[in-house]
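Notes to accompany the following structure.
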Amino acid sequence: MEEIASLFHGFAVVLEPFNLVLMLIGITLGVLIGVLPGLGGANGVAILLPLTFSMPPTSAIIMLSCIYWGALFGGAITSILFNIPGEPWSVATTFDGHPMAQQGRAGEALTAAFTSSFVGAFIAVVVITFLAPLIAGFALQFGPPEFFAVQFLTFCSFVGMGRGNAFKTIAAMTLGFALACVGLDTVTGQLRMTFGTTELLRGFDFLIAVIGLFGIGEILLSMEEGLSFKGGAAKLNPTVVWQTWKKLPQFWVTSLRSAAIGCWMGITPGGATPASFMSYGIAKRVSRNGDRFGKGEIEGVVAPETAAHAAGTSALLPMITLGIPGSPTAAVLLGGLLIWGLQPGPLLFVEQKDFVWGLIASMYLGNVAGLLIVLTCVPLFAAILRIPFSIIAPVIVVICAVGAYTVHNAAFDIALMLVFGVIGYAFKKLDYPLSPLVLALVLGDMAESAFRQSMLLSGGSLSVFWSNWLVASIMSLGLALLLWPLVSWAKGMLQRTVPAPGTGA
Amino acid sequence: MNVAKLRLFRRLTAVAGVAVAAAIATSSAFAAWEPTKQITIVVPAGTGGGADQMARFIQGVVSKHNLADKPIVVINKAGAAGAEGFLDVKSSPGDAHKLIITLSNLFTTPLASGVPFSWRDLTPVAMLALDEFVLWVNAESPYKTAKEYLTAVGNGQPGEFKMGGTGSKQEDQIITVALQKVAGKPFTYVPYKGGGDVAVQLVGNHVHSTVNNPIEAVAHWRAGKLRPLCVFDEQRMPYKDKMTDTMSWNDIPTCKESGVDVSYLMLRGIFMPAGVKQEHVDYYVELFKKVRATPDWKEYMEKGAYNQTFMTGDEYRKWVENAEKLHYELMKEAGFLAKTN
């Protein structure tokens with residue numbers, strides 16, 4: 001049990017007063033950064049990185065990683081309250097979290113989100129602590145075909161989720177893919193669909209689209225429906241945390257499955273955003289309450305949040321052991337390691353024990369501290385909904401605009417956000433689903449480069465996707481999930497031909 | 001001809017004059033120009049890459065040693081292989097508080113994508129360093145020298161050997177094209193998003209070789225997963241500290257030594273917008289000299305095994321001009337130039 005001894009040594013490092021203070025500062029800053037859409041963990045950490053230059057590396061990484069944990073927690077708050085994902089990985093949290101808030105259950109949704117985040121992170125840290133040397137090499141198995149297979153699987157687990165018209169789903173998805181194509185093509189180095197404008201060079205950023213589609217679109221809808229937030233009138237309940245906790249244990253299967261998906265996606269590294277979508281999609285398929293997902297199901301908050309936080313946490317493992325970042329924030333932290341004079345890679349565990357185990361210990365303590373901070377604030381956050389719409393709506397619009405600007409420091413993006421807002425409003429009015437568009441936008445780019453890299457490697461043969469057990473099993477799983485709706489549809493058709501009373505759609 | 005010569009002469013004397021003036025100004029510390037608001041460093045690449053690291057490192061060193069009165073802010077404008085960042089600086093002429101840190105995309109992006117900008121739209125300030133490129137193979141592969149490896153490539157099927165690299169039609173692929181000219185058979189070039197990914201793909205045996213920068217691959221080298229074959233420079237790297245049990249950076253032969261006459265270095269330089277005054281440029285040249293004098297910078301250079309050439313003024317301008325010509329030639333030969341219509 002060498003790990004236990006090292007871990008306790010790590011705790012001793014973290015529990016120095018200076019480091020504890022930095023940890024609390026980091027968490028608080030992180031929650032703020034997570035709440036502000038656009039100012040993601042990556043930006044926040046990058047901005048603060050030079051400040052840490054004169055600190056010992058261990059203290060620096062403790063503070064910066066705590067910002068990261070804080071941002072993971074904070075992303076859920078605006079998703080649930082205002083349908084504005086503070087971070088890309090909290091998009092899936094809006095699907096059920098926001099309806100819950102509209103029903104006056106904001107406190108419950110927030111508690112579920114924070115608690116699941118904590119559970120996901122905790123499981124991931126345990127995995128890192130005890131299995132790090134074993135699984136570190138797993139990411140090496142992943143070449144382009146494997147990455148494509150993972151993205152394919154994410155996609156398949158999500159397709160056919162939307163209730164309603166399949167053609168509308170396809171239309172929304174195609175629009176998402178088209179938007180993902182704009183900008184520089186990484187494989188040929190050519191510009192696509194920029195029409196000679198400089199502003200389109202950077203393509204359509206996922207975050208800006210999401211802030212517009214969800215945030216501004218939602219405000220437009222609320223304006224139409226009577227200038228007030230639904231759910232604002234709910235009574236404040238100081239014991240909401242305790243009451244929600246009593247409900248959560250029944251979802252233990254969902255939690256474990258989501259944590260497993262998250263850890264896997266973090267380590268490979270696939271990222272927290274696909275993890276949250278995949279976990280939500282699979283939970284909807286598997287859960288008994290699957291049909292009610294999207295209408296305010298607590299399980300629909302538990303699944304994506306657990307997976308996102310598990311992925312976000314385990315993303316640090318490939319960063320430390322291989323020097324490949326599992327998320328944009330991890331990429332910035334990686335730059336930090338080099339600036340502090342540490343070389344990420346297989347030798348870090350051997351040469352920099354203090355640093356590595358200090359970091360791991362700070363994951364445990366940082367998440368506990370983060371959970372305590374955000375849970376105490378749950379009634380406070382929920383009370384925001386009681387502020388009159390006419391006061392809070394302009395504030396939200398301003399925050400959205402600031403967020404859209406921060407992503408690329410470009411004023412054009414604010415206009416773009418407004419356009420996406422109108423699109424989001426139109427989609428809602430015409431009953432087109434937004435999630436396929438968003439998913440296509442976030443995955444389209446990655447899936448395309450992985451697919452074309454695979455084609456380069458295989459000389460154009462599709463058999464590369466079945467060339468070894470790993471890629472073959474992921475692809476087959478994806479295909480199975482893709483065909484699932486067909487199967488259930490066929491089943492439905494069969495049942496309908498036999499007149500069966502009481503089978504409502 | 002005569003006019004051009006005269007102009008060059010004038011410029012030279014002007015530069016010389018200013019250099020003297022700058023020396024006087026710093027020694028007697030009177031009314032030299034100082035920034036009046038925060039200084040922005042634009043990074044035409046994403047967060048976490050080599051240019052981004054260097055910019056943020058400079059930001060950290062400057063604030064740690066209190067080298068400038070105003071703070072430095074680093075912003076990333078990575079769109080379209082950096083074109084976004086260069087266009088941003090191009091469109092703010094005369095702005096004395098804006099700097100851009102370049103990589104080779106200063107030359108490759110406009111040539112490959114046709115986006116209209118060149119270094120002539122900018123004011124050269126200083127070359128901070130040159131980044132080396134090393135030919136790497138997996139440590140399990142049988143190839144011990146660059147010659148052996150390229151002979152194997154030459155004897156194989158066209159496209160049988162896979163080269164991983166960062167981006168398309170950028171420095172990594174330019175070197176690859178030069179290598180396949182030596183080998184006589186083409187590589188299959190697979191573009192990835194970042195240098196760290198590329199190194200891991202090589203460790204995982206998904207490609208046969210890479211031309212990673214030292215800092216991108218050093219961790220895997222030290223862990224015994226990768227083998228450096230040669231460095232694409234005229235001289236060996238000067239760093240003699242042992243990185244593995246047996247080798248230092250200095251022990252890696254140049255590609256020329258091992259019979260593969262290819263060399264390539266990447267500019268890590270600073271530019272300003274066009275139309276700034278000479279006193280502005282002088283201020284930043286002095287600032288970077290101070291940065292370079294810190295022990296932190298020296299350690300940083302050693303960690304990344306950089307080529308520490310420092311240039312300013314006309315010498316730097318000449319270097320950039322030559323580099324542009326070289327890139328044009330290389331990319332024309334490789335067929336990477338954008339079709340302009």
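So you can find residues: chains in the structure tokens are A, B, ... in the order shown, residues in each start at 1, and ligands are numbered from 1 in order.
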
Report task. Would you kindly report the residues of chain A within 7 Å of chain B, using only C-alpha atoms, as a VMD selection string? Result -> chain A and resid 50 to 51 53 to 54 140 to 141 143 183 to 184 186 to 191 201 to 202 323 to 324 331 to 332 334 to 335 339 343 to 347 408 453 456

Need the shell around segment 162-176 of chain A: protein/DNA/RNA residues with any atom at most 12 Å away, counting only C-alpha atoms. Skip same-chain ones fewer than 3 positions apart. Format as a PDB file with N, CA, C and O atoms, in the first residue's frame?
ATOM      1  N   PHE A  95     -30.852  20.004 -19.903  1.00  0.00           N
ATOM      2  CA  PHE A  95     -31.998  19.264 -20.441  1.00  0.00           C
ATOM      3  C   PHE A  95     -33.039  18.954 -19.368  1.00  0.00           C
ATOM      4  O   PHE A  95     -34.229  19.062 -19.600  1.00  0.00           O
ATOM      5  N   PHE A 155     -22.188   9.913 -30.386  1.00  0.00           N
ATOM      6  CA  PHE A 155     -23.233  10.328 -31.276  1.00  0.00           C
ATOM      7  C   PHE A 155     -24.395   9.357 -31.274  1.00  0.00           C
ATOM      8  O   PHE A 155     -25.552   9.736 -31.132  1.00  0.00           O
ATOM      9  N   SER A 157     -25.208   7.208 -29.046  1.00  0.00           N
ATOM     10  CA  SER A 157     -25.934   7.101 -27.798  1.00  0.00           C
ATOM     11  C   SER A 157     -26.928   8.249 -27.678  1.00  0.00           C
ATOM     12  O   SER A 157     -27.809   8.233 -26.840  1.00  0.00           O
ATOM     13  N   PHE A 158     -26.810   9.238 -28.531  1.00  0.00           N
ATOM     14  CA  PHE A 158     -27.638  10.435 -28.395  1.00  0.00           C
ATOM     15  C   PHE A 158     -28.701  10.529 -29.484  1.00  0.00           C
ATOM     16  O   PHE A 158     -29.738  11.139 -29.307  1.00  0.00           O
ATOM     17  N   VAL A 159     -28.401   9.918 -30.628  1.00  0.00           N
ATOM     18  CA  VAL A 159     -29.321  10.028 -31.765  1.00  0.00           C
ATOM     19  C   VAL A 159     -30.656   9.368 -31.429  1.00  0.00           C
ATOM     20  O   VAL A 159     -30.705   8.368 -30.748  1.00  0.00           O
ATOM     21  N   LEU A 179     -22.219  23.982 -39.708  1.00  0.00           N
ATOM     22  CA  LEU A 179     -21.564  25.061 -38.967  1.00  0.00           C
ATOM     23  C   LEU A 179     -20.186  24.622 -38.498  1.00  0.00           C
ATOM     24  O   LEU A 179     -19.243  25.412 -38.463  1.00  0.00           O
ATOM     25  N   ALA A 180     -20.045  23.336 -38.151  1.00  0.00           N
ATOM     26  CA  ALA A 180     -18.761  22.832 -37.662  1.00  0.00           C
ATOM     27  C   ALA A 180     -17.709  22.844 -38.761  1.00  0.00           C
ATOM     28  O   ALA A 180     -16.514  22.833 -38.480  1.00  0.00           O
ATOM     29  N   CYS A 181     -18.124  22.852 -40.020  1.00  0.00           N
ATOM     30  CA  CYS A 181     -17.174  22.802 -41.141  1.00  0.00           C
ATOM     31  C   CYS A 181     -16.501  24.143 -41.394  1.00  0.00           C
ATOM     32  O   CYS A 181     -15.457  24.201 -42.030  1.00  0.00           O
ATOM     33  N   VAL A 182     -17.116  25.222 -40.936  1.00  0.00           N
ATOM     34  CA  VAL A 182     -16.600  26.548 -41.274  1.00  0.00           C
ATOM     35  C   VAL A 182     -15.245  26.782 -40.611  1.00  0.00           C
ATOM     36  O   VAL A 182     -15.031  26.400 -39.469  1.00  0.00           O
ATOM     37  N   PHE A 204     -17.317  28.639 -36.176  1.00  0.00           N
ATOM     38  CA  PHE A 204     -18.354  28.887 -35.182  1.00  0.00           C
ATOM     39  C   PHE A 204     -17.988  28.178 -33.901  1.00  0.00           C
ATOM     40  O   PHE A 204     -17.922  26.949 -33.866  1.00  0.00           O
ATOM     41  N   ASP A 205     -17.760  28.957 -32.878  1.00  0.00           N
ATOM     42  CA  ASP A 205     -17.383  28.320 -31.626  1.00  0.00           C
ATOM     43  C   ASP A 205     -18.622  27.760 -30.938  1.00  0.00           C
ATOM     44  O   ASP A 205     -19.666  28.405 -30.855  1.00  0.00           O
ATOM     45  N   PHE A 206     -18.442  26.560 -30.437  1.00  0.00           N
ATOM     46  CA  PHE A 206     -19.483  25.849 -29.726  1.00  0.00           C
ATOM     47  C   PHE A 206     -20.070  26.691 -28.595  1.00  0.00           C
ATOM     48  O   PHE A 206     -21.285  26.808 -28.447  1.00  0.00           O
ATOM     49  N   ALA A 209     -22.313  29.591 -29.763  1.00  0.00           N
ATOM     50  CA  ALA A 209     -23.573  29.056 -30.251  1.00  0.00           C
ATOM     51  C   ALA A 209     -24.466  28.681 -29.073  1.00  0.00           C
ATOM     52  O   ALA A 209     -25.659  29.005 -29.048  1.00  0.00           O
ATOM     53  N   VAL A 210     -23.871  28.029 -28.082  1.00  0.00           N
ATOM     54  CA  VAL A 210     -24.654  27.539 -26.953  1.00  0.00           C
ATOM     55  C   VAL A 210     -25.194  28.691 -26.107  1.00  0.00           C
ATOM     56  O   VAL A 210     -26.359  28.693 -25.699  1.00  0.00           O
ATOM     57  N   LEU A 213     -28.046  30.121 -28.390  1.00  0.00           N
ATOM     58  CA  LEU A 213     -29.183  29.213 -28.586  1.00  0.00           C
ATOM     59  C   LEU A 213     -29.957  29.003 -27.298  1.00  0.00           C
ATOM     60  O   LEU A 213     -31.183  29.068 -27.272  1.00  0.00           O
ATOM     61  N   GLY A 281     -27.323  10.346 -22.708  1.00  0.00           N
ATOM     62  CA  GLY A 281     -27.985   9.541 -23.731  1.00  0.00           C
ATOM     63  C   GLY A 281     -28.206   8.122 -23.262  1.00  0.00           C
ATOM     64  O   GLY A 281     -29.302   7.563 -23.406  1.00  0.00           O
ATOM     65  N   LYS A 284     -30.804   7.790 -20.503  1.00  0.00           N
ATOM     66  CA  LYS A 284     -32.166   7.905 -21.028  1.00  0.00           C
ATOM     67  C   LYS A 284     -32.627   6.585 -21.632  1.00  0.00           C
ATOM     68  O   LYS A 284     -33.777   6.183 -21.476  1.00  0.00           O
ATOM     69  N   ARG A 285     -31.679   5.915 -22.299  1.00  0.00           N
ATOM     70  CA  ARG A 285     -32.032   4.633 -22.910  1.00  0.00           C
ATOM     71  C   ARG A 285     -32.349   3.584 -21.856  1.00  0.00           C
ATOM     72  O   ARG A 285     -33.277   2.803 -21.981  1.00  0.00           O
ATOM     73  N   GLY A 290     -36.923   6.720 -18.540  1.00  0.00           N
ATOM     74  CA  GLY A 290     -36.344   7.312 -19.742  1.00  0.00           C
ATOM     75  C   GLY A 290     -37.303   8.228 -20.495  1.00  0.00           C
ATOM     76  O   GLY A 290     -36.905   9.272 -20.991  1.00  0.00           O
ATOM     77  N   ASP A 291     -38.557   7.842 -20.548  1.00  0.00           N
ATOM     78  CA  ASP A 291     -39.523   8.628 -21.320  1.00  0.00           C
ATOM     79  C   ASP A 291     -39.715  10.021 -20.742  1.00  0.00           C
ATOM     80  O   ASP A 291     -40.084  10.940 -21.447  1.00  0.00           O
ATOM     81  N   ARG A 292     -39.494  10.127 -19.433  1.00  0.00           N
ATOM     82  CA  ARG A 292     -39.752  11.423 -18.809  1.00  0.00           C
ATOM     83  C   ARG A 292     -38.513  12.319 -18.812  1.00  0.00           C
ATOM     84  O   ARG A 292     -38.572  13.445 -18.337  1.00  0.00           O
ATOM     85  N   PHE A 293     -37.385  11.811 -19.357  1.00  0.00           N
ATOM     86  CA  PHE A 293     -36.180  12.634 -19.435  1.00  0.00           C
ATOM     87  C   PHE A 293     -36.471  13.868 -20.282  1.00  0.00           C
ATOM     88  O   PHE A 293     -37.137  13.789 -21.310  1.00  0.00           O
ATOM     89  N   GLY A 294     -35.950  14.992 -19.846  1.00  0.00           N
ATOM     90  CA  GLY A 294     -36.179  16.229 -20.583  1.00  0.00           C
ATOM     91  C   GLY A 294     -37.334  17.017 -20.015  1.00  0.00           C
ATOM     92  O   GLY A 294     -37.582  18.146 -20.404  1.00  0.00           O
ATOM     93  N   LYS A 295     -38.040  16.409 -19.063  1.00  0.00           N
ATOM     94  CA  LYS A 295     -39.182  17.113 -18.468  1.00  0.00           C
ATOM     95  C   LYS A 295     -38.925  17.454 -17.006  1.00  0.00           C
ATOM     96  O   LYS A 295     -39.844  17.838 -16.297  1.00  0.00           O
ATOM     97  N   PHE A 420     -27.602  33.607 -32.997  1.00  0.00           N
ATOM     98  CA  PHE A 420     -27.908  32.271 -32.485  1.00  0.00           C
ATOM     99  C   PHE A 420     -29.101  32.313 -31.529  1.00  0.00           C
ATOM    100  O   PHE A 420     -29.878  31.374 -31.463  1.00  0.00           O
ATOM    101  N   ILE A 423     -32.093  32.224 -33.632  1.00  0.00           N
ATOM    102  CA  ILE A 423     -32.242  30.863 -34.154  1.00  0.00           C
ATOM    103  C   ILE A 423     -32.822  29.953 -33.065  1.00  0.00           C
ATOM    104  O   ILE A 423     -33.746  29.174 -33.305  1.00  0.00           O
ATOM    105  N   GLY A 424     -32.281  30.083 -31.859  1.00  0.00           N
ATOM    106  CA  GLY A 424     -32.758  29.260 -30.751  1.00  0.00           C
ATOM    107  C   GLY A 424     -34.239  29.482 -30.500  1.00  0.00           C
ATOM    108  O   GLY A 424     -35.007  28.521 -30.306  1.00  0.00           O
ATOM    109  N   ALA A 426     -36.465  30.611 -32.689  1.00  0.00           N
ATOM    110  CA  ALA A 426     -37.212  30.058 -33.820  1.00  0.00           C
ATOM    111  C   ALA A 426     -37.318  28.534 -33.710  1.00  0.00           C
ATOM    112  O   ALA A 426     -38.376  27.954 -33.951  1.00  0.00           O
ATOM    113  N   PHE A 427     -36.213  27.900 -33.306  1.00  0.00           N
ATOM    114  CA  PHE A 427     -36.210  26.443 -33.149  1.00  0.00           C
ATOM    115  C   PHE A 427     -37.268  26.013 -32.138  1.00  0.00           C
ATOM    116  O   PHE A 427     -38.010  25.060 -32.362  1.00  0.00           O
ATOM    117  N   LYS A 428     -37.308  26.714 -31.010  1.00  0.00           N
ATOM    118  CA  LYS A 428     -38.274  26.362 -29.972  1.00  0.00           C
ATOM    119  C   LYS A 428     -39.696  26.531 -30.487  1.00  0.00           C
ATOM    120  O   LYS A 428     -40.556  25.688 -30.288  1.00  0.00           O
ATOM    121  N   LEU A 430     -40.782  26.489 -33.553  1.00  0.00           N
ATOM    122  CA  LEU A 430     -41.137  25.543 -34.619  1.00  0.00           C
ATOM    123  C   LEU A 430     -40.963  24.103 -34.163  1.00  0.00           C
ATOM    124  O   LEU A 430     -41.087  23.186 -34.955  1.00  0.00           O
ATOM    125  N   ASP A 431     -40.609  23.934 -32.879  1.00  0.00           N
ATOM    126  CA  ASP A 431     -40.462  22.608 -32.306  1.00  0.00           C
ATOM    127  C   ASP A 431     -39.341  21.800 -32.963  1.00  0.00           C
ATOM    128  O   ASP A 431     -39.479  20.610 -33.227  1.00  0.00           O
ATOM    129  N   TYR A 432     -38.227  22.470 -33.285  1.00  0.00           N
ATOM    130  CA  TYR A 432     -37.029  21.747 -33.712  1.00  0.00           C
ATOM    131  C   TYR A 432     -36.171  21.515 -32.462  1.00  0.00           C
ATOM    132  O   TYR A 432     -36.070  22.403 -31.613  1.00  0.00           O
ATOM    133  N   PRO A 433     -35.571  20.357 -32.331  1.00  0.00           N
ATOM    134  CA  PRO A 433     -34.748  20.113 -31.134  1.00  0.00           C
ATOM    135  C   PRO A 433     -33.392  20.811 -31.254  1.00  0.00           C
ATOM    136  O   PRO A 433     -32.800  20.839 -32.339  1.00  0.00           O
ATOM    137  N   LEU A 434     -32.903  21.377 -30.153  1.00  0.00           N
ATOM    138  CA  LEU A 434     -31.627  22.082 -30.174  1.00  0.00           C
ATOM    139  C   LEU A 434     -30.430  21.154 -29.943  1.00  0.00           C
ATOM    140  O   LEU A 434     -29.349  21.372 -30.469  1.00  0.00           O
ATOM    141  N   SER A 435     -30.665  20.098 -29.136  1.00  0.00           N
ATOM    142  CA  SER A 435     -29.502  19.298 -28.730  1.00  0.00           C
ATOM    143  C   SER A 435     -28.777  18.613 -29.893  1.00  0.00           C
ATOM    144  O   SER A 435     -27.550  18.550 -29.864  1.00  0.00           O
ATOM    145  N   PRO A 436     -29.479  18.113 -30.931  1.00  0.00           N
ATOM    146  CA  PRO A 436     -28.700  17.513 -32.032  1.00  0.00           C
ATOM    147  C   PRO A 436     -27.792  18.539 -32.716  1.00  0.00           C
ATOM    148  O   PRO A 436     -26.663  18.212 -33.090  1.00  0.00           O
ATOM    149  N   LEU A 437     -28.270  19.772 -32.837  1.00  0.00           N
ATOM    150  CA  LEU A 437     -27.445  20.814 -33.451  1.00  0.00           C
ATOM    151  C   LEU A 437     -26.177  21.033 -32.621  1.00  0.00           C
ATOM    152  O   LEU A 437     -25.060  21.064 -33.142  1.00  0.00           O
ATOM    153  N   VAL A 438     -26.385  21.166 -31.304  1.00  0.00           N
ATOM    154  CA  VAL A 438     -25.258  21.444 -30.420  1.00  0.00           C
ATOM    155  C   VAL A 438     -24.254  20.294 -30.436  1.00  0.00           C
ATOM    156  O   VAL A 438     -23.045  20.499 -30.525  1.00  0.00           O
ATOM    157  N   LEU A 439     -24.793  19.086 -30.389  1.00  0.00           N
ATOM    158  CA  LEU A 439     -23.911  17.914 -30.373  1.00  0.00           C
ATOM    159  C   LEU A 439     -23.107  17.821 -31.671  1.00  0.00           C
ATOM    160  O   LEU A 439     -21.908  17.546 -31.661  1.00  0.00           O
ATOM    161  N   ALA A 440     -23.802  18.079 -32.798  1.00  0.00           N
ATOM    162  CA  ALA A 440     -23.108  18.021 -34.086  1.00  0.00           C
ATOM    163  C   ALA A 440     -22.026  19.094 -34.161  1.00  0.00           C
ATOM    164  O   ALA A 440     -20.949  18.869 -34.693  1.00  0.00           O
ATOM    165  N   LEU A 441     -22.321  20.241 -33.588  1.00  0.00           N
ATOM    166  CA  LEU A 441     -21.338  21.335 -33.617  1.00  0.00           C
ATOM    167  C   LEU A 441     -20.105  20.992 -32.783  1.00  0.00           C
ATOM    168  O   LEU A 441     -18.980  21.241 -33.185  1.00  0.00           O
ATOM    169  N   VAL A 442     -20.318  20.367 -31.618  1.00  0.00           N
ATOM    170  CA  VAL A 442     -19.164  20.094 -30.758  1.00  0.00           C
ATOM    171  C   VAL A 442     -18.387  18.868 -31.233  1.00  0.00           C
ATOM    172  O   VAL A 442     -17.173  18.820 -31.151  1.00  0.00           O
ATOM    173  N   LEU A 443     -19.109  17.881 -31.768  1.00  0.00           N
ATOM    174  CA  LEU A 443     -18.408  16.657 -32.161  1.00  0.00           C
ATOM    175  C   LEU A 443     -18.002  16.641 -33.627  1.00  0.00           C
ATOM    176  O   LEU A 443     -17.091  15.921 -34.015  1.00  0.00           O
ATOM    177  N   GLY A 444     -18.701  17.422 -34.439  1.00  0.00           N
ATOM    178  CA  GLY A 444     -18.496  17.356 -35.880  1.00  0.00           C
ATOM    179  C   GLY A 444     -17.046  17.561 -36.266  1.00  0.00           C
ATOM    180  O   GLY A 444     -16.461  16.772 -37.015  1.00  0.00           O
ATOM    181  N   ASP A 445     -16.464  18.589 -35.693  1.00  0.00           N
ATOM    182  CA  ASP A 445     -15.095  18.950 -36.007  1.00  0.00           C
ATOM    183  C   ASP A 445     -14.122  17.838 -35.619  1.00  0.00           C
ATOM    184  O   ASP A 445     -13.312  17.377 -36.413  1.00  0.00           O
ATOM    185  N   PRO A 485     -33.167   2.491 -31.713  1.00  0.00           N
ATOM    186  CA  PRO A 485     -34.463   3.133 -31.973  1.00  0.00           C
ATOM    187  C   PRO A 485     -35.229   2.423 -33.084  1.00  0.00           C
ATOM    188  O   PRO A 485     -36.443   2.295 -33.003  1.00  0.00           O
ATOM    189  N   LEU A 486     -34.493   1.908 -34.083  1.00  0.00           N
ATOM    190  CA  LEU A 486     -35.150   1.191 -35.175  1.00  0.00           C
ATOM    191  C   LEU A 486     -35.872  -0.026 -34.631  1.00  0.00           C
ATOM    192  O   LEU A 486     -37.015  -0.315 -34.982  1.00  0.00           O
ATOM    193  N   TRP A 489     -38.795   0.952 -32.664  1.00  0.00           N
ATOM    194  CA  TRP A 489     -39.800   1.476 -33.570  1.00  0.00           C
ATOM    195  C   TRP A 489     -40.541   0.316 -34.248  1.00  0.00           C
ATOM    196  O   TRP A 489     -41.766   0.297 -34.329  1.00  0.00           O
ATOM    197  N   ALA A 505     -48.544   6.719 -27.165  1.00  0.00           N
ATOM    198  CA  ALA A 505     -47.267   6.901 -27.865  1.00  0.00           C
ATOM    199  C   ALA A 505     -46.131   6.816 -26.904  1.00  0.00           C
ATOM    200  O   ALA A 505     -45.152   7.354 -26.878  1.00  0.00           O
TER     201      ALA A 505
END

Requested in this report: Run DSSP on the backbone and grab whatever in segment 169-256 of chain A lands in strand (DSSP E or B); send it over as a PyMOL selection string.
Outcome: chain A and resi 183-184+191-192

Store the residues picked out above, limited to all heavy atoms, as a compact mmCIF listing (two decimals), in the first residue's frame.
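Result written to selection_16.txt:
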# COMPACT_ATOMS: atom_id res chain seq x y z
N GLY A 183 -14.34 27.39 -41.36
CA GLY A 183 -13.02 27.69 -40.81
C GLY A 183 -11.94 26.91 -41.51
O GLY A 183 -12.13 26.44 -42.64
N LEU A 184 -10.81 26.75 -40.85
CA LEU A 184 -9.68 26.06 -41.49
C LEU A 184 -9.83 24.56 -41.35
O LEU A 184 -10.11 24.04 -40.29
CB LEU A 184 -8.37 26.50 -40.83
CG LEU A 184 -7.13 26.06 -41.60
CD1 LEU A 184 -6.79 27.07 -42.68
CD2 LEU A 184 -5.97 25.88 -40.66
N LEU A 191 -9.10 26.90 -46.27
CA LEU A 191 -10.24 27.55 -45.64
C LEU A 191 -11.53 27.03 -46.27
O LEU A 191 -11.57 26.80 -47.47
CB LEU A 191 -10.15 29.06 -45.83
CG LEU A 191 -9.01 29.73 -45.08
CD1 LEU A 191 -8.89 31.17 -45.51
CD2 LEU A 191 -9.24 29.63 -43.58
N ARG A 192 -12.53 26.85 -45.42
CA ARG A 192 -13.81 26.38 -45.96
C ARG A 192 -14.93 27.33 -45.54
O ARG A 192 -15.02 27.70 -44.37
CB ARG A 192 -14.13 24.99 -45.41
CG ARG A 192 -13.17 23.93 -45.91
CD ARG A 192 -13.65 22.56 -45.59
NE ARG A 192 -13.80 22.36 -44.14
CZ ARG A 192 -13.83 21.18 -43.57
NH1 ARG A 192 -13.73 20.11 -44.29
NH2 ARG A 192 -13.98 21.06 -42.26

Query raised in the report: Excluding same-chain residues fewer than 2 positions from segment 56-73 of chain A, what lies within 7 Å of it counting only C-alpha atoms, as a PyMOL selection string?
Result: chain A and resi 19+22-23+26-31+33-34+41+45+52+54+75-76+114+117+309+340+355+358-359+362+366-367+370

Query raised in the report: Leaving out Trp466 of chain A and any residue of its chain fewer than 4 positions from it, which residues lie within 12 Å of it when counting only C-alpha atoms, given as a PyMOL selection string?
Result: chain A and resi 145-146+148-149+454+458+461-462+470-477

Report task. Based on DSSP run over this structure's backbone, return all residues of segment 138-259 of chain B in helix (DSSP H, G or I), as a ChimeraX atom specification. Result -> /B:146-155,171-183,195-203,214-222,249-251

Requested in this report: Just give me the gap between atom CA of Thr102 of chain B and atom CA of Ser263 of chain B in Å, one decimal is fine.
Outcome: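 Interatomic distance here is 19.4 Å.
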
Query - Close residues, Cys255 of chain B itself excluded, 8 Å, only C-alpha atoms, min 3 positions apart in chain, as number ranges by chain - result: B: 146, 229-233, 258-263

Report task. Between A:Ile387, A:Ile360, A:Val240, A:Ile414, single out the one closest to Ser6 of chain A, counting only C-alpha atoms. Result ->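 Going through A:Ile387, A:Ile360, A:Val240, A:Ile414 one by one, the smallest distance to Ser6 of chain A is for A:Ile360.
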
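Every protein or nucleic acid residue with an atom no more than 7 Å from segment 278-295 of chain B, counting only C-alpha atoms and leaving out same-chain residues fewer than 6 positions away, appears here: B:Ala22, B:Trp33, B:Val61, B:Val62, B:Leu67, B:Ala96, B:Val125, B:Ala126.
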